[in-house]
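See below for protein-v6.txt, which holds compact mmCIF, C-alpha atoms.
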# COMPACT_ATOMS: atom_id res chain seq x y z
CA MET J 27 163.02 105.95 53.98
CA PHE J 28 160.16 106.64 56.39
CA SER J 29 156.69 107.94 55.71
CA PHE J 30 153.33 107.92 57.43
CA HIS J 31 149.92 108.73 56.09
CA ILE J 32 146.29 108.39 57.07
CA LYS J 33 144.22 106.51 54.50
CA LYS J 34 140.78 106.69 56.17
CA LYS J 35 139.14 107.80 59.40
CA LEU J 36 136.16 106.44 61.28
CA ASN J 37 135.34 109.18 63.78
CA LYS J 38 138.78 109.55 65.44
CA ALA J 39 139.95 106.01 64.59
CA ARG J 40 142.58 106.05 61.84
CA LEU J 41 143.50 103.58 59.11
CA SER J 42 147.16 104.32 58.48
CA GLU J 43 150.30 103.09 56.77
CA LEU J 44 153.82 103.44 58.15
CA THR J 45 156.63 102.86 55.66
CA THR J 46 160.03 101.73 56.99
CA PRO J 47 163.21 100.37 55.39
CA HIS J 48 161.97 96.86 56.24
CA GLY J 49 158.47 97.20 54.87
CA LYS J 50 155.10 98.84 55.28
CA ILE J 51 153.04 98.43 58.44
CA PRO J 52 149.26 98.86 58.17
CA GLY J 53 147.81 100.58 61.20
CA PRO J 54 146.53 100.54 63.80
CA PHE J 55 149.13 97.91 64.65
CA PHE J 56 150.39 95.97 67.65
CA GLN J 57 154.07 95.36 68.39
CA PHE J 58 154.75 91.98 69.97
CA VAL J 59 157.36 92.27 72.71
CA ALA J 60 160.53 90.29 72.02
CA THR J 61 162.35 91.74 75.03
CA GLN J 62 165.68 89.98 74.57
CA GLY J 63 165.36 89.45 70.84
CA ALA J 64 162.86 86.59 71.15
CA ILE J 65 159.21 86.01 71.95
CA ARG J 66 159.01 83.98 75.15
CA GLY J 67 157.27 80.64 74.88
CA GLN J 68 159.50 78.98 72.26
CA VAL J 69 158.18 81.16 69.45
CA MET J 70 160.60 81.82 66.60
CA SER J 71 160.69 84.43 63.85
CA GLU J 72 159.30 81.99 61.28
CA ASP J 73 156.30 81.45 63.58
CA MET J 74 155.71 85.19 63.75
CA GLU J 75 155.87 85.43 59.95
CA ALA J 76 153.37 82.59 59.56
CA LEU J 77 151.04 84.19 62.12
CA GLY J 78 151.05 87.44 60.15
CA ALA J 79 152.82 89.70 62.65
CA ASP J 80 154.09 92.91 61.05
CA ILE J 81 156.51 94.21 63.69
CA MET J 82 158.23 93.26 66.95
CA LEU J 83 159.74 95.31 69.76
CA ALA J 84 162.99 94.55 71.61
CA ASN J 85 164.53 96.14 74.69
CA THR J 86 167.72 98.22 74.55
CA TYR J 87 168.49 97.76 78.25
CA HIS J 88 168.31 93.96 78.20
CA LEU J 89 170.19 93.58 74.91
CA HIS J 90 172.91 95.97 76.11
CA LEU J 91 173.46 93.83 79.21
CA ARG J 92 173.30 90.56 77.27
CA PRO J 93 174.66 89.75 74.70
CA GLY J 94 175.74 93.35 74.05
CA GLU J 95 175.15 95.62 71.08
CA ASP J 96 178.55 94.83 69.52
CA VAL J 97 177.72 91.13 69.29
CA ILE J 98 174.38 91.96 67.67
CA GLN J 99 175.93 94.43 65.24
CA GLN J 100 178.43 91.80 64.09
CA ALA J 101 175.53 89.40 63.44
CA GLY J 102 173.96 91.83 60.96
CA ASN J 103 172.15 94.03 63.49
CA LEU J 104 169.03 92.89 65.30
CA HIS J 105 167.29 91.88 62.07
CA GLY J 106 170.08 89.45 61.21
CA PHE J 107 170.50 88.28 64.80
CA MET J 108 166.79 87.42 65.08
CA GLN J 109 166.37 86.38 61.44
CA TRP J 110 163.46 88.82 61.18
CA ASP J 111 163.15 90.75 57.91
CA LYS J 112 160.17 92.90 58.88
CA PRO J 113 160.22 96.15 60.91
CA LEU J 114 161.57 96.32 64.46
CA THR J 115 161.33 98.82 67.29
CA THR J 116 163.60 99.20 70.30
CA ASP J 117 162.76 101.23 73.36
CA SER J 118 165.52 103.18 75.11
CA GLY J 119 165.62 101.00 78.23
CA GLY J 120 164.76 103.95 80.43
CA TYR J 121 161.72 102.29 81.97
CA GLN J 122 163.76 99.22 82.95
CA VAL J 123 166.60 101.33 84.35
CA PHE J 124 164.32 103.44 86.53
CA SER J 125 162.50 100.33 87.77
CA LEU J 126 165.76 99.30 89.51
CA GLY J 127 164.94 101.83 92.25
CA LYS J 128 167.77 102.35 94.74
CA HIS J 129 170.31 100.93 92.30
CA VAL J 130 169.87 103.98 90.01
CA LYS J 131 171.61 107.33 90.33
CA ILE J 132 170.28 110.12 88.13
CA ASP J 133 171.95 113.40 87.23
CA SER J 134 171.42 116.03 84.56
CA ASP J 135 173.64 114.14 82.11
CA GLY J 136 172.16 110.64 82.45
CA VAL J 137 171.73 107.66 84.75
CA THR J 138 174.14 105.20 86.38
CA PHE J 139 172.83 101.79 87.37
CA GLN J 140 173.90 98.33 88.48
CA SER J 141 173.26 95.30 86.32
CA PRO J 142 171.05 92.74 88.08
CA LEU J 143 172.98 90.04 86.17
CA ASP J 144 176.45 90.63 87.63
CA GLY J 145 176.31 93.80 89.70
CA ASN J 146 178.54 95.76 87.31
CA SER J 147 177.97 99.48 86.93
CA HIS J 148 176.59 100.85 83.65
CA ARG J 149 175.95 104.35 82.36
CA PHE J 150 173.14 105.53 80.08
CA THR J 151 173.10 109.04 78.65
CA PRO J 152 170.91 110.22 75.77
CA GLU J 153 173.91 109.89 73.48
CA ILE J 154 174.86 106.41 74.67
CA THR J 155 171.33 105.04 74.22
CA MET J 156 171.25 106.38 70.66
CA GLN J 157 174.66 104.83 69.97
CA ILE J 158 173.48 101.47 71.32
CA GLN J 159 170.29 101.56 69.27
CA ALA J 160 172.24 102.53 66.15
CA LYS J 161 174.29 99.35 66.58
CA LEU J 162 171.16 97.28 67.24
CA GLY J 163 169.77 98.63 63.96
CA PRO J 164 165.96 98.61 64.41
CA ASP J 165 163.70 100.81 62.30
CA ILE J 166 162.05 102.76 65.13
CA VAL J 167 163.98 103.99 68.18
CA MET J 168 163.09 105.77 71.41
CA PRO J 169 164.90 108.50 73.37
CA LEU J 170 166.08 108.13 76.94
CA ASP J 171 163.54 109.70 79.27
CA VAL J 172 162.86 109.95 82.99
CA CYS J 173 160.18 107.48 84.06
CA THR J 174 158.45 108.65 87.22
CA PRO J 175 156.60 106.15 89.42
CA PHE J 176 152.81 106.14 89.65
CA SER J 177 152.99 107.81 93.08
CA ALA J 178 155.29 110.69 92.03
CA SER J 179 154.29 114.19 93.11
CA LYS J 180 153.32 116.83 90.57
CA GLU J 181 156.55 118.70 91.30
CA ASP J 182 158.67 115.61 90.65
CA VAL J 183 156.81 114.85 87.43
CA GLU J 184 157.34 118.41 86.22
CA LYS J 185 161.08 118.17 86.92
CA ALA J 186 161.18 114.85 85.06
CA ILE J 187 159.47 116.42 82.03
CA ASN J 188 162.03 119.21 81.88
CA LEU J 189 164.93 116.76 82.06
CA SER J 190 163.32 114.38 79.56
CA THR J 191 162.83 117.26 77.13
CA ALA J 192 166.49 118.22 77.36
CA TRP J 193 167.49 114.59 76.84
CA ALA J 194 165.13 114.23 73.87
CA LYS J 195 166.82 117.17 72.16
CA ARG J 196 170.23 115.60 72.79
CA CYS J 197 168.98 112.31 71.32
CA ILE J 198 168.04 114.09 68.08
CA GLU J 199 171.42 115.82 67.95
CA GLU J 200 173.23 112.52 68.47
CA GLN J 201 171.15 110.79 65.84
CA ILE J 202 172.07 113.52 63.36
CA ARG J 203 175.73 113.14 64.29
CA LEU J 204 175.56 109.37 63.82
CA GLN J 205 173.69 109.77 60.51
CA SER J 206 171.57 106.89 61.73
CA PRO J 207 168.88 105.69 59.25
CA GLN J 208 166.33 105.23 62.04
CA CYS J 209 163.04 106.84 62.95
CA LEU J 210 163.03 108.58 66.36
CA TYR J 211 159.85 109.11 68.36
CA GLY J 212 159.38 111.50 71.26
CA ILE J 213 157.97 110.07 74.51
CA ILE J 214 155.31 112.15 76.24
CA GLN J 215 155.37 111.69 80.01
CA GLY J 216 153.40 113.65 82.61
CA GLY J 217 152.19 111.00 85.01
CA VAL J 218 148.56 111.25 86.00
CA TYR J 219 148.43 115.03 85.55
CA PRO J 220 146.58 116.03 82.34
CA GLU J 221 148.02 119.56 82.32
CA LEU J 222 151.57 118.16 82.54
CA ARG J 223 150.85 115.69 79.74
CA GLU J 224 149.76 118.62 77.62
CA GLN J 225 152.85 120.60 78.60
CA ALA J 226 155.19 117.67 77.81
CA ALA J 227 153.57 117.12 74.41
CA GLN J 228 153.94 120.78 73.50
CA LYS J 229 157.64 120.77 74.45
CA LEU J 230 158.34 117.72 72.29
CA ARG J 231 156.26 119.05 69.42
CA ASN J 232 158.35 122.22 69.47
CA ILE J 233 161.47 120.07 69.03
CA GLY J 234 159.83 117.99 66.29
CA PHE J 235 159.76 114.20 66.01
CA PHE J 236 158.59 111.77 63.35
CA GLY J 237 156.22 110.09 65.82
CA TYR J 238 155.05 110.58 69.40
CA SER J 239 154.66 108.01 72.17
CA ILE J 240 152.49 108.25 75.27
CA GLY J 241 154.48 106.73 78.13
CA GLY J 242 154.07 106.21 81.85
CA GLU J 243 152.34 103.83 84.22
CA LEU J 244 148.77 104.66 83.26
CA GLN J 245 147.50 101.14 83.90
CA GLU J 246 147.11 101.82 87.62
CA LYS J 247 144.57 104.57 87.07
CA GLY J 248 140.87 104.03 86.49
CA LYS J 249 139.66 103.61 82.92
CA LYS J 250 137.87 106.97 82.86
CA GLU J 251 141.00 108.80 84.01
CA ILE J 252 143.19 106.93 81.51
CA LYS J 253 140.80 107.80 78.69
CA LYS J 254 140.90 111.46 79.73
CA ILE J 255 144.71 111.55 79.89
CA VAL J 256 145.13 109.78 76.53
CA ALA J 257 142.52 112.00 74.84
CA ILE J 258 144.19 115.19 76.12
CA THR J 259 147.61 113.98 75.00
CA VAL J 260 146.43 112.85 71.56
CA ALA J 261 144.98 116.30 70.95
CA GLN J 262 148.51 117.72 71.30
CA ILE J 263 150.10 115.34 68.76
CA PRO J 264 150.27 116.50 65.13
CA GLU J 265 147.59 114.93 62.96
CA ASP J 266 150.13 113.69 60.43
CA ALA J 267 152.36 111.90 62.98
CA PRO J 268 152.08 108.32 64.31
CA ARG J 269 150.60 108.09 67.81
CA TYR J 270 152.00 105.32 69.98
CA LEU J 271 150.48 104.25 73.33
CA MET J 272 153.21 102.36 75.15
CA GLY J 273 152.70 99.28 77.32
CA TYR J 274 148.93 99.13 77.08
CA GLY J 275 147.32 96.02 75.69
CA LYS J 276 144.05 94.48 76.90
CA PRO J 277 141.87 93.96 73.81
CA GLU J 278 139.16 96.29 75.11
CA ASP J 279 141.75 98.93 75.98
CA ILE J 280 143.22 98.76 72.48
CA VAL J 281 139.76 99.29 70.98
CA GLU J 282 139.16 102.27 73.28
CA ALA J 283 142.53 103.79 72.39
CA VAL J 284 141.91 103.28 68.67
CA ARG J 285 138.66 105.22 69.13
CA LEU J 286 140.77 108.06 70.57
CA GLY J 287 143.08 108.08 67.53
CA ILE J 288 146.00 105.85 68.61
CA ASP J 289 147.88 104.08 65.79
CA GLN J 290 150.49 101.95 67.51
CA PHE J 291 150.64 99.68 70.57
CA ASP J 292 152.91 97.34 72.48
CA CYS J 293 152.39 95.24 75.58
CA VAL J 294 153.73 92.08 77.20
CA LEU J 295 150.19 91.05 78.17
CA PRO J 296 149.26 88.60 75.38
CA ILE J 297 152.55 86.68 75.74
CA ARG J 298 152.85 86.89 79.52
CA ASN J 299 149.25 85.93 80.20
CA ALA J 300 149.43 83.02 77.76
CA ARG J 301 152.40 81.59 79.66
CA HIS J 302 150.17 81.47 82.74
CA GLY J 303 147.24 79.90 80.90
CA GLN J 304 145.07 82.86 79.90
CA VAL J 305 144.00 82.44 76.30
CA PHE J 306 142.01 84.87 74.13
CA SER J 307 139.70 83.65 71.36
CA LYS J 308 136.42 84.16 69.48
CA LEU J 309 136.63 87.82 68.55
CA HIS J 310 133.11 89.08 67.93
CA THR J 311 133.58 91.30 64.87
CA GLU J 312 130.01 92.62 64.85
CA GLU J 313 130.47 93.89 68.40
CA LEU J 314 133.84 95.33 67.43
CA ALA J 315 132.19 97.21 64.56
CA ARG J 316 129.60 98.68 66.94
CA CYS J 317 132.38 99.88 69.25
CA LEU J 318 134.31 101.55 66.43
CA GLN J 319 131.32 103.12 64.70
CA ASN J 320 129.95 104.69 67.87
CA PRO J 321 132.63 106.31 70.10
CA ASP J 322 130.19 106.39 73.02
CA TYR J 323 129.15 102.75 72.73
CA PRO J 324 130.21 100.93 75.93
CA ILE J 325 132.99 98.40 75.36
CA ASP J 326 132.12 95.18 77.17
CA PRO J 327 134.99 92.67 77.03
CA LYS J 328 132.57 89.79 77.59
CA LYS J 329 130.72 90.74 74.42
CA LEU J 330 133.89 91.53 72.47
CA TYR J 331 135.84 88.29 72.92
CA THR J 332 136.22 85.13 74.97
CA VAL J 333 139.00 84.57 77.49
CA ILE J 334 139.71 81.34 79.35
CA ASP J 335 142.20 80.00 81.86
CA ILE J 336 143.23 76.73 80.25
CA THR J 337 144.78 75.53 83.51
CA LYS J 338 141.38 75.29 85.21
CA SER J 339 139.88 71.84 85.84
CA ALA J 340 136.85 72.69 83.68
CA PHE J 341 139.03 71.94 80.62
CA ALA J 342 140.39 68.60 81.84
CA ASN J 343 137.88 66.65 79.70
CA ASP J 344 137.13 69.28 77.05
CA GLU J 345 137.63 67.59 73.68
CA THR J 346 136.90 70.67 71.55
CA VAL J 347 139.73 71.83 69.31
CA PHE J 348 142.12 74.37 70.79
CA ALA J 349 142.95 77.41 68.59
CA PRO J 350 141.28 76.31 65.34
CA ASN J 351 142.36 78.11 62.14
CA ASN J 352 145.73 79.00 63.63
CA PRO J 353 148.30 78.99 60.77
CA VAL J 354 151.03 77.52 62.99
CA ILE J 355 148.98 75.10 65.13
CA THR J 356 147.95 72.77 62.33
CA LYS J 357 147.03 69.68 64.39
CA PRO J 358 143.62 69.44 66.12
CA TYR J 359 144.97 69.52 69.67
CA THR J 360 142.16 69.63 72.21
CA HIS J 361 141.57 71.89 75.18
CA SER J 362 142.01 68.81 77.32
CA TYR J 363 145.44 68.15 75.87
CA VAL J 364 146.65 71.74 76.28
CA HIS J 365 145.24 71.75 79.84
CA HIS J 366 147.28 68.63 80.56
CA LEU J 367 150.45 70.16 79.09
CA MET J 368 150.07 73.33 81.13
CA ARG J 369 149.39 71.44 84.35
CA ALA J 370 152.40 69.22 83.65
CA GLU J 371 154.47 72.37 82.99
CA ALA J 372 155.44 71.05 79.57
CA PRO J 373 157.03 73.82 77.43
CA SER J 374 154.87 72.76 74.48
CA GLY J 375 151.73 73.78 76.39
CA MET J 376 153.09 77.28 76.91
CA ARG J 377 154.05 77.46 73.23
CA LEU J 378 150.54 76.52 72.09
CA ALA J 379 148.95 79.12 74.39
CA VAL J 380 151.34 81.87 73.23
CA LEU J 381 150.74 81.03 69.57
CA ALA J 382 147.00 81.23 70.16
CA ASN J 383 147.23 84.69 71.74
CA ILE J 384 149.52 86.08 69.06
CA HIS J 385 147.08 84.93 66.39
CA PHE J 386 144.18 86.52 68.29
CA TYR J 387 145.96 89.89 68.48
CA VAL J 388 146.94 89.75 64.81
CA GLU J 389 143.30 89.10 63.91
CA LEU J 390 142.08 91.80 66.34
CA MET J 391 144.22 94.47 64.67
CA LYS J 392 143.37 93.19 61.19
CA SER J 393 139.64 93.34 61.99
CA ILE J 394 139.97 96.88 63.37
CA ARG J 395 141.63 97.98 60.13
CA GLU J 396 139.03 96.25 57.97
CA ILE J 397 136.16 97.95 59.82
CA ILE J 398 137.77 101.39 59.49
CA ALA J 399 138.45 100.71 55.81
CA GLU J 400 134.83 99.68 55.19
CA LYS J 401 133.02 102.23 57.36
CA GLY J 402 135.45 105.13 57.37
CA VAL J 403 135.92 108.06 55.00
Kindly return the structure encoded in the file as structure tokens.
Amino acid sequence: MFSFHIKKKLNKARLSELTTPHGKIPGPFFQFVATQGAIRGQVMSEDMEALGADIMLANTYHLHLRPGEDVIQQAGNLHGFMQWDKPLTTDSGGYQVFSLGKHVKIDSDGVTFQSPLDGNSHRFTPEITMQIQAKLGPDIVMPLDVCTPFSASKEDVEKAINLSTAWAKRCIEEQIRLQSPQCLYGIIQGGVYPELREQAAQKLRNIGFFGYSIGGELQEKGKKEIKKIVAITVAQIPEDAPRYLMGYGKPEDIVEAVRLGIDQFDCVLPIRNARHGQVFSKLHTEELARCLQNPDYPIDPKKLYTVIDITKSAFANDETVFAPNNPVITKPYTHSYVHHLMRAEAPSGMRLAVLANIHFYVELMKSIREIIAEKGV
């Protein structure tokens, strides 16, 4: 039901194809984050289809708390609940659980936490998270792992790796017991320590997963250090497995990661930033081609694309068309009009901005694939 193969390579950048029960996904690809089973900003599944999105990602933690996996299973799993017929991913919810801080108690078997919605106590173990995701019914699922904060010591990160490895093995065993028709990735942690990233990758590789994710709060490190950590980790992932960089999504960062051999991305950035007025546009494909053809070519975001804050007064009288060629935004709304909507806090303004950013990211990934297909071997 699942397969992955590399069709072409341009240096380390890979043109790939991931086959799932709900369709094929050309890679590199970006997963739009539908945390609670929906894209924020009044965007529906039919909008995502029209925009050309191939896959979305939902959150196990949030959906477990509300409306609950049993409700979703009765609705025909997450695909039926969302009315989305293309592939879906769910993460394990571990990142969200560990972000609760003092409200989390961890032991060797799992984690106990309080719901921020009603204060009730909940329990996640590797087995429980696999059971929840089996009921949610996405194509790609993630194991429960220990997410260490950016400031964690090397000793704490090493302990977290050992526990995460044990949990990952239990997730595989539970998936086998459930006979779940889902694809399980391993999540490589290791914080900001390259040698621990390498160690974590080797441990997971010894267990064996269909795909491998690179997790952790890398965004707070400098770009050079992030590049080093990702490159070291990628080198430990089997060549024939999908490589997934989690939670990382500025356009220039995606291009850099593709150059390192990453196939799969997710990030809240395009949706979140759009809701606050930041809109991406005007992808410069010639500059993109230069970046992909030469791994050492400096990636300058100002040359690669245009980004604006539509809430700024500079757009109050701008009568140029907002988001031209967008398959969902079919009327020639102006920058001035969208500026007005955002300043007036009209939900339609947020929707227009989100639709624009989704289209930009779809086109970014499509252009990356086209360049690798044309220039690669």
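Distance check against Gly234 of chain J using all atoms listed in the file: of J:Ile252, J:Met108, J:Cys197, J:Val218, the minimum falls on J:Cys197.
For Gln228 of chain J, the set of protein, DNA and RNA residues having any atom at most 7 Å away, when counting only C-alpha atoms and skipping those fewer than 4 positions along the same chain, is Glu224, Asn232 and Gln262 of chain J.
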| Selection near Glu371 of chain J, 12 Å with all atoms listed in the file, sequence-local residues under 4 positions removed, as JSON, numbers by chain | {"J": [67, 301, 302, 303, 337, 364, 365, 366, 367, 375, 376, 377]}
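Reported to one decimal place, the separation of atom CA of Glu278 of chain J from atom CA of Ala300 of chain J is 17.0 Å.
All protein, DNA and RNA residues at most 8 Å from (150.1, 102.7, 61.7) are Phe30, Leu41, Ser42, Glu43, Leu44, Ile51, Pro52, Gly53, Pro54, Phe55, Pro268, Asp289 and Gln290 of chain J, using all atoms listed in the file.
Atom CA of Gln122 of chain J lies 15.5 Å from atom CA of Ser190 of chain J.
Counting only C-alpha atoms, the residue from J:Asp96, J:Asp326, J:Glu75, J:Glu389 that sits nearest to Asn351 of chain J is J:Glu389.
If all atoms listed in the file are the atoms counted, then among J:Lys185, J:Gln208, J:Asn103, J:Gly217 the closest residue to Glu251 of chain J is J:Gly217.
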Contacts of His361 of chain J within 8 Å, all atoms listed in the file, excl. fewer than 4 positions in-chain, as an mmCIF file with C-alpha atoms, in the frame of the given file:
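part_16.cif was written with the following content:
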data_model
loop_
_atom_site.group_PDB
_atom_site.id
_atom_site.type_symbol
_atom_site.label_atom_id
_atom_site.label_comp_id
_atom_site.auth_asym_id
_atom_site.auth_seq_id
_atom_site.Cartn_x
_atom_site.Cartn_y
_atom_site.Cartn_z
ATOM 1 C CA ILE J 336 143.230 76.730 80.250
ATOM 2 C CA PHE J 341 139.030 71.940 80.620
ATOM 3 C CA ALA J 342 140.390 68.600 81.840
ATOM 4 C CA ASN J 343 137.880 66.650 79.700
ATOM 5 C CA ASP J 344 137.130 69.280 77.050
ATOM 6 C CA GLU J 345 137.630 67.590 73.680
ATOM 7 C CA THR J 346 136.900 70.670 71.550
ATOM 8 C CA VAL J 347 139.730 71.830 69.310
ATOM 9 C CA PHE J 348 142.120 74.370 70.790
ATOM 10 C CA HIS J 365 145.240 71.750 79.840
#
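The space separating atom CA of Arg223 of chain J from atom CA of Thr61 of chain J comes to 27.0 Å.
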